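Undergrad: The file below is coords_9.cif, mmCIF, C-alpha atoms:
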data_protein
loop_
_atom_site.label_atom_id
_atom_site.label_comp_id
_atom_site.auth_asym_id
_atom_site.auth_seq_id
_atom_site.Cartn_x
_atom_site.Cartn_y
_atom_site.Cartn_z
CA MET A 1 -24.08 -83.06 -114.03
CA ASP A 2 -21.42 -80.74 -115.53
CA VAL A 3 -22.05 -77.01 -115.14
CA ASP A 4 -21.88 -75.11 -118.43
CA LEU A 5 -19.54 -72.16 -117.78
CA ARG A 6 -21.03 -70.20 -120.68
CA LYS A 7 -24.44 -70.30 -119.00
CA VAL A 8 -22.82 -69.32 -115.71
CA ARG A 9 -21.28 -66.28 -117.39
CA TYR A 10 -24.68 -65.33 -118.74
CA PHE A 11 -26.16 -65.72 -115.27
CA VAL A 12 -23.51 -63.44 -113.71
CA ALA A 13 -24.18 -60.77 -116.33
CA VAL A 14 -27.90 -60.79 -115.50
CA ALA A 15 -27.26 -60.94 -111.74
CA GLU A 16 -24.99 -57.89 -111.90
CA GLN A 17 -27.34 -55.87 -114.09
CA LEU A 18 -30.64 -57.22 -112.69
CA ASN A 19 -31.95 -56.46 -116.13
CA PHE A 20 -32.12 -59.00 -118.97
CA GLY A 21 -32.09 -56.35 -121.69
CA ARG A 22 -28.94 -54.61 -120.46
CA ALA A 23 -27.23 -57.94 -119.78
CA ALA A 24 -28.02 -59.16 -123.30
CA GLU A 25 -26.61 -55.95 -124.74
CA ALA A 26 -23.41 -56.32 -122.70
CA LEU A 27 -23.07 -59.94 -123.84
CA HIS A 28 -23.82 -59.04 -127.47
CA ILE A 29 -26.60 -61.59 -127.75
CA ALA A 30 -30.35 -61.35 -128.28
CA GLN A 31 -32.49 -61.08 -125.15
CA PRO A 32 -34.65 -64.15 -126.02
CA VAL A 33 -31.47 -66.22 -126.37
CA LEU A 34 -30.28 -65.02 -122.97
CA SER A 35 -33.63 -65.85 -121.37
CA ARG A 36 -33.55 -69.37 -122.82
CA GLN A 37 -30.01 -69.94 -121.52
CA ILE A 38 -30.98 -68.83 -118.00
CA ARG A 39 -34.04 -71.11 -118.03
CA ALA A 40 -31.81 -73.97 -119.18
CA LEU A 41 -29.39 -73.28 -116.32
CA GLU A 42 -32.26 -73.24 -113.81
CA ASN A 43 -33.43 -76.59 -115.17
CA GLU A 44 -29.94 -78.05 -114.89
CA LEU A 45 -29.55 -76.81 -111.32
CA LYS A 46 -33.17 -77.57 -110.41
CA ALA A 47 -33.47 -74.16 -108.78
CA GLN A 48 -35.12 -70.84 -109.59
CA LEU A 49 -32.45 -68.16 -109.82
CA PHE A 50 -34.49 -65.00 -110.51
CA VAL A 51 -37.89 -63.59 -109.62
CA ARG A 52 -39.11 -61.38 -112.47
CA ASP A 53 -42.08 -59.11 -112.95
CA LYS A 54 -42.79 -56.20 -115.30
CA ARG A 55 -40.93 -53.74 -113.08
CA SER A 56 -37.91 -55.59 -111.71
CA THR A 57 -35.65 -58.63 -111.63
CA GLU A 58 -34.43 -59.96 -108.28
CA LEU A 59 -32.18 -62.82 -107.22
CA THR A 60 -33.61 -65.69 -105.21
CA GLU A 61 -31.67 -67.22 -102.34
CA ALA A 62 -30.42 -69.86 -104.77
CA GLY A 63 -29.41 -67.08 -107.16
CA LEU A 64 -27.49 -65.25 -104.45
CA GLN A 65 -25.63 -68.44 -103.58
CA LEU A 66 -24.80 -69.13 -107.21
CA LEU A 67 -23.52 -65.59 -107.70
CA ALA A 68 -21.22 -65.93 -104.68
CA ASP A 69 -19.82 -69.20 -106.06
CA ALA A 70 -19.82 -68.24 -109.74
CA ARG A 71 -17.37 -65.36 -109.56
CA PRO A 72 -14.42 -67.36 -108.18
CA LEU A 73 -15.38 -70.28 -110.45
CA LEU A 74 -15.17 -68.08 -113.54
CA ALA A 75 -12.00 -66.39 -112.30
CA ASN A 76 -10.36 -69.79 -111.83
CA ALA A 77 -11.47 -70.87 -115.29
CA ASP A 78 -9.98 -67.71 -116.79
CA ALA A 79 -6.75 -68.27 -114.87
CA LEU A 80 -6.61 -71.86 -116.11
CA ARG A 81 -6.98 -70.71 -119.69
CA ARG A 82 -4.26 -68.08 -119.31
CA ARG A 83 -1.82 -70.49 -117.67
CA VAL A 84 -2.35 -73.06 -120.41
CA GLY A 85 -1.83 -70.29 -122.97
CA ARG A 86 1.36 -69.23 -121.23
CA ALA A 87 2.64 -72.82 -121.32
CA ALA A 88 1.68 -73.11 -124.99
CA ARG A 89 3.64 -69.96 -125.84
CA GLY A 90 6.71 -71.59 -124.38
CA ALA A 91 9.76 -69.79 -123.06
CA ASP A 92 9.98 -67.23 -125.88
CA THR A 93 7.52 -64.73 -124.34
CA PHE A 94 7.87 -62.83 -121.06
CA THR A 95 5.24 -60.40 -119.76
CA VAL A 96 5.88 -57.52 -117.36
CA ALA A 97 3.00 -55.72 -115.62
CA PHE A 98 3.36 -52.21 -114.22
CA MET A 99 1.36 -49.64 -112.28
CA PRO A 100 0.58 -46.13 -113.60
CA GLY A 101 3.53 -43.75 -113.42
CA LEU A 102 6.17 -46.48 -113.29
CA ILE A 103 8.56 -46.64 -116.25
CA VAL A 104 9.96 -50.11 -116.87
CA THR A 105 11.65 -49.53 -120.22
CA SER A 106 15.26 -49.82 -119.09
CA ALA A 107 14.73 -53.15 -117.36
CA VAL A 108 12.75 -54.53 -120.31
CA ARG A 109 15.41 -53.45 -122.82
CA ALA A 110 18.15 -54.98 -120.69
CA LEU A 111 16.35 -58.33 -120.66
CA VAL A 112 15.80 -58.22 -124.44
CA ALA A 113 19.48 -57.39 -124.97
CA ARG A 114 20.44 -60.53 -123.08
CA HIS A 115 17.89 -62.68 -124.92
CA PRO A 116 17.50 -61.42 -128.51
CA GLY A 117 14.96 -64.13 -129.37
CA LEU A 118 12.72 -63.27 -126.43
CA THR A 119 9.49 -61.32 -126.93
CA VAL A 120 8.80 -59.13 -123.90
CA GLU A 121 5.25 -57.81 -123.53
CA VAL A 122 4.09 -55.13 -121.05
CA ILE A 123 0.63 -54.64 -119.58
CA ARG A 124 -0.71 -51.81 -117.44
CA THR A 125 -2.43 -52.67 -114.17
CA GLY A 126 -4.32 -50.77 -111.49
CA TYR A 127 -4.47 -51.07 -107.73
CA ASP A 128 -7.27 -53.66 -107.97
CA ASP A 129 -5.46 -56.15 -110.22
CA GLN A 130 -1.74 -55.52 -109.70
CA THR A 131 -1.25 -58.96 -108.12
CA ASP A 132 -4.10 -60.74 -109.93
CA VAL A 133 -2.11 -60.58 -113.17
CA VAL A 134 0.60 -62.87 -111.81
CA HIS A 135 -1.82 -65.22 -110.05
CA ASP A 136 -3.90 -65.76 -113.18
CA GLY A 137 -1.00 -65.99 -115.61
CA ARG A 138 -1.41 -62.74 -117.52
CA ALA A 139 2.04 -61.58 -116.40
CA ASP A 140 5.24 -63.28 -115.31
CA VAL A 141 6.19 -60.42 -112.98
CA SER A 142 4.40 -57.31 -111.78
CA TYR A 143 5.68 -53.98 -110.51
CA VAL A 144 3.36 -53.39 -107.54
CA ARG A 145 2.75 -50.63 -105.02
CA LEU A 146 2.44 -51.71 -101.39
CA PRO A 147 0.40 -52.69 -99.49
CA ILE A 148 -0.57 -55.92 -101.21
CA ASP A 149 -1.69 -59.39 -100.14
CA ARG A 150 1.63 -61.25 -100.21
CA ARG A 151 0.14 -64.73 -100.00
CA GLY A 152 1.56 -66.97 -102.72
CA LEU A 153 3.99 -64.30 -103.90
CA GLN A 154 7.68 -63.58 -103.92
CA VAL A 155 8.16 -59.84 -103.34
CA ARG A 156 11.38 -57.93 -103.94
CA PRO A 157 11.65 -54.27 -102.79
CA LEU A 158 12.73 -51.86 -105.52
CA THR A 159 11.86 -48.20 -105.00
CA ALA A 160 10.16 -45.66 -102.80
CA GLU A 161 8.95 -42.16 -103.53
CA PRO A 162 7.08 -39.29 -101.90
CA ARG A 163 3.30 -39.05 -102.15
CA VAL A 164 1.66 -35.81 -103.21
CA VAL A 165 -1.87 -34.47 -103.23
CA VAL A 166 -3.36 -33.60 -106.62
CA LEU A 167 -5.59 -30.51 -106.60
CA PRO A 168 -7.44 -28.30 -109.08
CA ALA A 169 -5.22 -25.46 -110.28
CA ASP A 170 -7.47 -22.91 -108.54
CA HIS A 171 -7.57 -24.74 -105.19
CA ARG A 172 -6.78 -22.76 -102.02
CA LEU A 173 -3.64 -24.90 -101.44
CA ALA A 174 -2.44 -24.93 -105.04
CA GLY A 175 0.31 -22.34 -104.51
CA LYS A 176 1.92 -24.09 -101.55
CA GLU A 177 5.36 -25.71 -101.83
CA SER A 178 4.29 -28.38 -99.33
CA ILE A 179 1.51 -29.02 -96.83
CA GLU A 180 0.64 -31.31 -93.93
CA ILE A 181 -2.07 -33.94 -94.08
CA ALA A 182 -4.12 -31.95 -91.55
CA ASP A 183 -4.52 -29.27 -94.23
CA LEU A 184 -6.67 -31.78 -96.14
CA ALA A 185 -8.96 -32.72 -93.25
CA GLU A 186 -11.97 -30.94 -94.75
CA GLU A 187 -11.42 -32.25 -98.29
CA HIS A 188 -13.24 -35.11 -100.01
CA LEU A 189 -10.90 -37.96 -100.99
CA LEU A 190 -11.78 -39.73 -104.26
CA GLN A 191 -10.04 -42.92 -103.11
CA HIS A 192 -10.84 -45.51 -100.48
CA PRO A 193 -9.87 -43.99 -97.10
CA ASP A 194 -7.76 -47.03 -96.20
CA LEU A 195 -5.40 -46.19 -99.07
CA VAL A 196 -4.48 -42.97 -97.27
CA PRO A 197 -4.80 -43.87 -93.58
CA GLU A 198 -3.13 -40.65 -92.49
CA TRP A 199 -6.03 -38.72 -94.06
CA ARG A 200 -8.66 -41.22 -92.90
CA ASP A 201 -7.72 -40.80 -89.24
CA LEU A 202 -8.42 -37.06 -89.19
CA ALA A 203 -10.85 -36.45 -92.08
CA GLU A 204 -13.97 -34.52 -91.11
CA GLU A 205 -16.25 -36.51 -93.42
CA VAL A 206 -15.04 -39.83 -91.96
CA ARG A 207 -15.21 -38.73 -88.31
CA SER A 208 -18.68 -37.26 -88.76
CA GLY A 209 -20.00 -40.26 -90.69
CA ARG A 210 -21.02 -37.98 -93.57
CA ARG A 211 -18.61 -39.30 -96.20
CA ARG A 212 -20.47 -39.18 -99.49
CA ALA A 213 -20.45 -42.12 -101.84
CA GLU A 214 -19.40 -41.64 -105.44
CA PRO A 215 -22.36 -42.15 -107.82
CA THR A 216 -20.24 -44.39 -110.05
CA ALA A 217 -17.09 -46.37 -109.34
CA VAL A 218 -13.81 -44.64 -110.15
CA HIS A 219 -11.05 -47.04 -111.13
CA THR A 220 -8.46 -45.44 -113.42
CA VAL A 221 -6.04 -42.61 -112.83
CA GLU A 222 -7.59 -40.70 -115.70
CA GLU A 223 -11.08 -40.94 -114.19
CA LYS A 224 -9.82 -39.72 -110.83
CA LEU A 225 -8.02 -36.77 -112.40
CA GLU A 226 -11.12 -35.74 -114.35
CA ARG A 227 -13.06 -35.57 -111.09
CA VAL A 228 -10.30 -33.63 -109.36
CA ALA A 229 -10.23 -31.11 -112.22
CA ALA A 230 -14.01 -30.75 -111.90
CA GLY A 231 -13.63 -29.81 -108.23
CA ARG A 232 -15.27 -32.97 -106.91
CA GLY A 233 -12.43 -34.01 -104.59
CA ILE A 234 -8.73 -34.71 -104.25
CA VAL A 235 -6.42 -37.68 -104.70
CA VAL A 236 -3.12 -38.66 -103.12
CA PHE A 237 -0.71 -40.16 -105.65
CA PRO A 238 2.92 -41.25 -105.73
CA LEU A 239 5.05 -38.46 -107.16
CA SER A 240 5.81 -40.38 -110.37
CA THR A 241 2.11 -40.87 -111.11
CA ALA A 242 1.32 -37.20 -110.55
CA THR A 243 4.17 -36.03 -112.79
CA PHE A 244 3.44 -38.62 -115.50
CA TYR A 245 -0.15 -37.35 -115.83
CA THR A 246 0.68 -33.63 -115.86
CA ARG A 247 -2.26 -31.40 -116.86
CA PRO A 248 -2.55 -27.59 -116.99
CA ASP A 249 -5.73 -27.61 -114.87
CA LEU A 250 -4.17 -29.64 -112.04
CA VAL A 251 -1.29 -29.16 -109.62
CA HIS A 252 0.39 -31.48 -107.15
CA VAL A 253 1.73 -30.47 -103.76
CA ALA A 254 4.08 -32.42 -101.49
CA VAL A 255 2.59 -33.74 -98.24
CA ARG A 256 5.29 -33.59 -95.57
CA ASP A 257 3.96 -35.96 -92.94
CA ILE A 258 2.81 -39.09 -94.79
CA GLY A 259 4.83 -42.15 -95.66
CA PRO A 260 6.25 -42.86 -99.10
CA SER A 261 4.79 -45.10 -101.78
CA GLN A 262 6.82 -48.29 -101.92
CA VAL A 263 7.31 -50.20 -105.16
CA CYS A 264 8.24 -53.87 -105.37
CA LEU A 265 8.49 -56.59 -107.99
CA ALA A 266 6.16 -59.55 -107.38
CA TRP A 267 5.79 -62.99 -108.92
CA GLU A 268 4.21 -66.30 -108.00
CA ASN A 269 5.98 -68.40 -105.37
CA SER A 270 5.53 -71.53 -107.45
CA ARG A 271 7.35 -70.16 -110.52
CA ARG A 272 10.91 -71.41 -110.98
CA SER A 273 11.68 -69.62 -114.23
CA PRO A 274 15.31 -68.48 -114.59
CA LEU A 275 13.99 -65.52 -116.58
CA ILE A 276 12.07 -64.29 -113.53
CA THR A 277 15.16 -64.50 -111.34
CA GLU A 278 17.18 -62.71 -114.00
CA PHE A 279 14.61 -59.98 -114.52
CA ALA A 280 14.29 -59.38 -110.77
CA ALA A 281 18.05 -58.76 -110.59
CA ILE A 282 17.85 -56.45 -113.61
CA ALA A 283 14.95 -54.52 -112.08
CA GLU A 284 16.84 -54.04 -108.83
CA LYS A 285 19.95 -52.85 -110.68
CA SER A 286 17.84 -50.47 -112.77
CA ALA A 287 16.35 -49.03 -109.58
CA ARG A 288 19.82 -48.37 -108.16
CA GLN A 289 20.94 -46.71 -111.40
CA ARG A 290 17.92 -44.40 -111.45
CA LEU A 291 18.62 -43.37 -107.86
CA SER A 292 22.25 -42.65 -108.74
CA HIS A 293 21.14 -40.56 -111.73
CA HIS A 294 18.68 -38.65 -109.58
CA LEU A 295 21.29 -37.87 -106.95
CA ARG A 296 23.69 -36.59 -109.62
CA THR A 297 21.16 -34.43 -111.43
CA GLY A 298 18.84 -33.41 -108.58
CA SER A 299 15.90 -34.33 -110.81
CA ALA A 300 12.45 -34.63 -109.25
CA SER A 301 11.54 -37.53 -111.51
CA THR A 302 10.74 -40.96 -110.15
CA PRO A 303 13.06 -41.70 -107.22
CA THR A 304 14.36 -45.19 -106.68
CA SER A 305 16.16 -46.76 -103.79
CA SER A 306 16.74 -50.13 -102.22
CA ALA A 307 18.33 -48.73 -99.09
CA SER A 308 17.08 -46.55 -96.26
CA THR A 309 17.47 -42.79 -96.53
CA PRO A 310 15.81 -39.96 -94.62
CA SER A 311 12.17 -39.22 -95.34
CA PRO A 312 11.52 -36.27 -97.66
CA THR A 313 10.10 -32.97 -96.60
CA SER A 314 9.22 -31.78 -100.11
CA ALA A 315 8.63 -33.21 -103.57
CA SER A 316 12.15 -32.27 -104.59
CA GLU A 317 13.64 -34.54 -101.94
CA ALA A 318 12.90 -37.57 -104.03
CA GLU A 319 15.64 -39.86 -102.70
CA VAL A 320 13.27 -41.47 -100.19
CA VAL A 321 13.32 -44.63 -98.40
CA LEU A 322 12.70 -48.26 -98.77
CA THR A 323 13.81 -50.55 -95.99
CA ALA A 324 14.52 -53.87 -97.65
CA GLY A 325 11.98 -56.49 -96.72
CA SER A 326 9.56 -53.99 -95.20
CA GLY A 327 5.97 -55.17 -95.20
CA SER A 328 4.45 -51.76 -94.58
CA GLY A 329 3.62 -48.93 -96.89
CA SER A 330 0.83 -47.05 -98.54
CA ALA A 331 -0.42 -47.20 -102.06
CA SER A 332 -2.79 -45.39 -104.30
CA ASP A 333 -3.31 -45.27 -107.99
#
Write the structure described by the file as structure tokens, please.

TA:
Amino acid sequence: MDVDLRKVRYFVAVAEQLNFGRAAEALHIAQPVLSRQIRALENELKAQLFVRDKRSTELTEAGLQLLADARPLLANADALRRRVGRAARGADTFTVAFMPGLIVTSAVRALVARHPGLTVEVIRTGYDDQTDVVHDGRADVSYVRLPIDRRGLQVRPLTAEPRVVVLPADHRLAGKESIEIADLAEEHLLQHPDLVPEWRDLAEEVRSGRRRAEPTAVHTVEEKLERVAAGRGIVVFPLSTATFYTRPDLVHVAVRDIGPSQVCLAWENSRRSPLITEFAAIAEKSARQRLSHHLRTGSASTPTSSASTPSPTSASEAEVVLTAGSGSGSASD
């Protein structure tokens, strides 16, 4: 028996919502159609997937098992489709992914100048999918912030920059030139604590076990900044991200005693495209040029370096550090 992936997608939508009406709305189909498709899937699998009554919908053991298996199955199917699409497009399209705050224009323009017939696309990623985009074929290369899972990837160090804390403009620390991470021990971090281990190891809400959960997931930079502005917590960002998203109701302050955010270029180990090799060299050269420009001008814009330099003590000391080949580092978006 062949499993119908369309029915599996319908099943996942219901399993995640535990509500047929909301799932049907998300899928843009009628609820009776969705119910029939789920019954058909149960008949094909010879297993009951949901227990329903007038008040609730719950997964059975078989449903829980299918949900665990369905997500990677659908992800692999999507990746297959994207890879086939990439092959169908041929060698005349190249896609570059980048994290918030990173500006990739100079490297992209340099590649286009060398290959006038090449179409170069760019896509924005987040911390959750910065490597997924190269694994599933959406991008040929991705500018990533460490740490990442390096399995199956080639990773080339490019830049490093200070991390800063973003605060409401009326926060008690907003007027400081720089602070230490201990000054944030009583604050609520709107990111996963592991993304800022220096904060995690001394935070009052973590040590006391009273860390409050966010009522809804926060994924994008913009969502995080809205919550910071509302006084609901703080975030720790790379300097370039904080300056890129400048707002009058927010300030950012340098944190003296935490490590820099390290930026690398990543692509799949199995890819042998000359364009990837060429772009990686261009990206590295662009990083060196931006560092040279920064050192000449003293600008506090995005610092870039592929060599080791002393760690910064303030946001203006942007010529920070990246030891080539280093596997360590912190990241946050």

Undergrad: Between A:Leu167, A:Ala283, A:Val134, A:Leu64, which one has atoms that come closest to Cys264 in chain A, using only C-alpha atoms?

TA: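 That would be A:Ala283, the residue with the smallest distance to Cys264 in chain A.
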
Undergrad: I'd like to know which of A:Glu16, A:Glu186, A:Glu268, A:Glu25 is closest to Arg150 in chain A, using all atoms listed in the file.

TA: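 Of A:Glu16, A:Glu186, A:Glu268, A:Glu25, the one nearest Arg150 in chain A, counting all atoms listed in the file, is A:Glu268.
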
Undergrad: List, as a list in words, every residue that the PyMOL selection byres ((chain A and resi 218) around 12) selects in the file provided.

TA: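 When the PyMOL selection byres ((chain A and resi 218) around 12) is applied, the selected residues are Gly126, Tyr127, Asp128, Leu189, Leu190, Gln191, His192, Ala213, Glu214, Pro215, Thr216, Ala217, His219, Thr220, Val221, Glu222, Glu223, Lys224, Leu225, Glu226, Arg227, Val228, Val235 and Asp333 of chain A.
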
Undergrad: List, as a count of residues only, every residue that the PyMOL selection byres ((chain A and resi 241-249) around 8) selects in the file provided.

TA: 17

Undergrad: Specify as an MDAnalysis selection string each residue included when the PyMOL selection byres ((chain A and resi 124) around 8) is applied to this file.

TA: chainID A and resid 97:100 122:123 125:126

Undergrad: Show which residues sit within 12 Å of Ser56 in chain A, as a PyMOL selection string. Count only C-alpha atoms, and ignore same-chain residues fewer than 3 positions away.

TA: chain A and resi 14-15+17-21+50-53+59

Undergrad: Which of these, A:Val120, A:Val253, A:Val3, A:Ile181, has the shortest distance to Val96 in chain A once you count all atoms listed in the file?

TA: A:Val120

Undergrad: Rounded to one decimal in Å, what is the spacing between CA of Gly209 in chain A and CA of Glu187 in chain A?

TA: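 Separation of CA of Gly209 in chain A and CA of Glu187 in chain A: 14.0 Å.
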
Undergrad: My list of candidates is A:Ile234, A:Ala30, A:Val8, A:Ile148. Which is closest to Gln262 in chain A when distances are computed with all atoms listed in the file?

TA: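 Of A:Ile234, A:Ala30, A:Val8, A:Ile148, the one nearest Gln262 in chain A, counting all atoms listed in the file, is A:Ile148.
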
Undergrad: To one decimal place in Å, what is the distance between CA of Ile258 in chain A and CA of Tyr143 in chain A?

TA: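 Distance between the two atoms: 21.8 Å.
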
Undergrad: For Glu278 in chain A, list every protein, DNA or RNA residue within 12 Å, evaluated using only C-alpha atoms, and leave out those in the same chain fewer than 6 positions away; present the list as a list in words.

TA: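 My list of contacting residues is Phe94, Ala107, Val108, Ala110, Leu111, Val112, Arg114, His115, Val141, Arg272, Glu284 and Lys285 of chain A.
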
Undergrad: For range 65-82 of chain A, list every protein, DNA or RNA residue within 10 Å, evaluated using only C-alpha atoms, and leave out those in the same chain fewer than 2 positions away; present the list as a ChimeraX atom specification.

TA: /A:5-6,8-9,11-13,15-16,45,49,59-63,84-88,132-139

Undergrad: Using Å and a single decimal, report how far CA of His171 in chain A sits from CA of Arg210 in chain A.

TA: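 Computing the Euclidean distance for CA of Arg210 in chain A and CA of His171 in chain A yields 22.2 Å.
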
Undergrad: What are the centre and the three edge lengths of an axis-aligned box that wraps all atoms of range 143-152 of chain A in the file, given that 5 Å is added to every side, written as lines of an AutoDock Vina configuration file and rounded to one decimal in Å?

TA:
center_x = 2.0
center_y = -58.8
center_z = -105.0
size_x = 17.4
size_y = 26.3
size_z = 21.0

Undergrad: Reconstruct N, CA and C atoms of range 261-285 of chain A from the incomplete input and present them as a PDB file, keeping the file's coordinate frame.

TA:
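For reference, result-v4.pdb as written:
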ATOM      1  N   SER A 261       5.340 -43.969-101.029  1.00  0.00           N
ATOM      2  CA  SER A 261       4.790 -45.100-101.780  1.00  0.00           C
ATOM      3  C   SER A 261       5.939 -46.053-102.083  1.00  0.00           C
ATOM      4  N   GLN A 262       5.758 -47.304-101.748  1.00  0.00           N
ATOM      5  CA  GLN A 262       6.820 -48.290-101.920  1.00  0.00           C
ATOM      6  C   GLN A 262       6.502 -49.209-103.086  1.00  0.00           C
ATOM      7  N   VAL A 263       7.474 -49.403-103.939  1.00  0.00           N
ATOM      8  CA  VAL A 263       7.310 -50.200-105.160  1.00  0.00           C
ATOM      9  C   VAL A 263       8.157 -51.454-105.050  1.00  0.00           C
ATOM     10  N   CYS A 264       7.557 -52.585-105.407  1.00  0.00           N
ATOM     11  CA  CYS A 264       8.240 -53.870-105.370  1.00  0.00           C
ATOM     12  C   CYS A 264       7.986 -54.623-106.676  1.00  0.00           C
ATOM     13  N   LEU A 265       8.754 -55.660-106.903  1.00  0.00           N
ATOM     14  CA  LEU A 265       8.490 -56.590-107.990  1.00  0.00           C
ATOM     15  C   LEU A 265       7.925 -57.861-107.368  1.00  0.00           C
ATOM     16  N   ALA A 266       6.827 -58.373-107.941  1.00  0.00           N
ATOM     17  CA  ALA A 266       6.160 -59.550-107.380  1.00  0.00           C
ATOM     18  C   ALA A 266       5.984 -60.611-108.463  1.00  0.00           C
ATOM     19  N   TRP A 267       6.076 -61.866-108.031  1.00  0.00           N
ATOM     20  CA  TRP A 267       5.790 -62.990-108.920  1.00  0.00           C
ATOM     21  C   TRP A 267       5.333 -64.171-108.073  1.00  0.00           C
ATOM     22  N   GLU A 268       4.767 -65.168-108.725  1.00  0.00           N
ATOM     23  CA  GLU A 268       4.210 -66.300-108.000  1.00  0.00           C
ATOM     24  C   GLU A 268       5.298 -67.141-107.353  1.00  0.00           C
ATOM     25  N   ASN A 269       5.054 -67.550-106.104  1.00  0.00           N
ATOM     26  CA  ASN A 269       5.980 -68.400-105.370  1.00  0.00           C
ATOM     27  C   ASN A 269       6.329 -69.672-106.110  1.00  0.00           C
ATOM     28  N   SER A 270       5.348 -70.222-106.822  1.00  0.00           N
ATOM     29  CA  SER A 270       5.530 -71.530-107.450  1.00  0.00           C
ATOM     30  C   SER A 270       6.375 -71.481-108.721  1.00  0.00           C
ATOM     31  N   ARG A 271       6.589 -70.273-109.266  1.00  0.00           N
ATOM     32  CA  ARG A 271       7.350 -70.160-110.520  1.00  0.00           C
ATOM     33  C   ARG A 271       8.836 -70.355-110.260  1.00  0.00           C
ATOM     34  N   ARG A 272       9.469 -71.152-111.089  1.00  0.00           N
ATOM     35  CA  ARG A 272      10.910 -71.410-110.980  1.00  0.00           C
ATOM     36  C   ARG A 272      11.637 -71.000-112.242  1.00  0.00           C
ATOM     37  N   SER A 273      11.107 -70.040-112.956  1.00  0.00           N
ATOM     38  CA  SER A 273      11.680 -69.620-114.230  1.00  0.00           C
ATOM     39  C   SER A 273      12.976 -68.854-114.021  1.00  0.00           C
ATOM     40  N   PRO A 274      14.064 -69.262-114.679  1.00  0.00           N
ATOM     41  CA  PRO A 274      15.310 -68.480-114.590  1.00  0.00           C
ATOM     42  C   PRO A 274      15.135 -67.061-115.105  1.00  0.00           C
ATOM     43  N   LEU A 275      14.211 -66.864-116.062  1.00  0.00           N
ATOM     44  CA  LEU A 275      13.990 -65.520-116.580  1.00  0.00           C
ATOM     45  C   LEU A 275      13.445 -64.591-115.500  1.00  0.00           C
ATOM     46  N   ILE A 276      12.599 -65.123-114.616  1.00  0.00           N
ATOM     47  CA  ILE A 276      12.070 -64.290-113.530  1.00  0.00           C
ATOM     48  C   ILE A 276      13.193 -63.871-112.596  1.00  0.00           C
ATOM     49  N   THR A 277      14.028 -64.820-112.215  1.00  0.00           N
ATOM     50  CA  THR A 277      15.160 -64.500-111.340  1.00  0.00           C
ATOM     51  C   THR A 277      16.072 -63.468-111.996  1.00  0.00           C
ATOM     52  N   GLU A 278      16.315 -63.642-113.281  1.00  0.00           N
ATOM     53  CA  GLU A 278      17.180 -62.710-114.000  1.00  0.00           C
ATOM     54  C   GLU A 278      16.548 -61.326-114.092  1.00  0.00           C
ATOM     55  N   PHE A 279      15.259 -61.284-114.404  1.00  0.00           N
ATOM     56  CA  PHE A 279      14.610 -59.980-114.520  1.00  0.00           C
ATOM     57  C   PHE A 279      14.553 -59.267-113.174  1.00  0.00           C
ATOM     58  N   ALA A 280      14.324 -60.011-112.095  1.00  0.00           N
ATOM     59  CA  ALA A 280      14.290 -59.380-110.770  1.00  0.00           C
ATOM     60  C   ALA A 280      15.616 -58.701-110.453  1.00  0.00           C
ATOM     61  N   ALA A 281      16.735 -59.370-110.812  1.00  0.00           N
ATOM     62  CA  ALA A 281      18.050 -58.760-110.590  1.00  0.00           C
ATOM     63  C   ALA A 281      18.231 -57.526-111.462  1.00  0.00           C
ATOM     64  N   ILE A 282      17.765 -57.600-112.703  1.00  0.00           N
ATOM     65  CA  ILE A 282      17.850 -56.450-113.610  1.00  0.00           C
ATOM     66  C   ILE A 282      17.038 -55.278-113.063  1.00  0.00           C
ATOM     67  N   ALA A 283      15.820 -55.573-112.599  1.00  0.00           N
ATOM     68  CA  ALA A 283      14.950 -54.520-112.080  1.00  0.00           C
ATOM     69  C   ALA A 283      15.580 -53.838-110.867  1.00  0.00           C
ATOM     70  N   GLU A 284      16.203 -54.619-110.005  1.00  0.00           N
ATOM     71  CA  GLU A 284      16.840 -54.040-108.830  1.00  0.00           C
ATOM     72  C   GLU A 284      18.027 -53.166-109.233  1.00  0.00           C
ATOM     73  N   LYS A 285      18.814 -53.640-110.198  1.00  0.00           N
ATOM     74  CA  LYS A 285      19.950 -52.850-110.680  1.00  0.00           C
ATOM     75  C   LYS A 285      19.467 -51.565-111.336  1.00  0.00           C
TER      76      LYS A 285
END
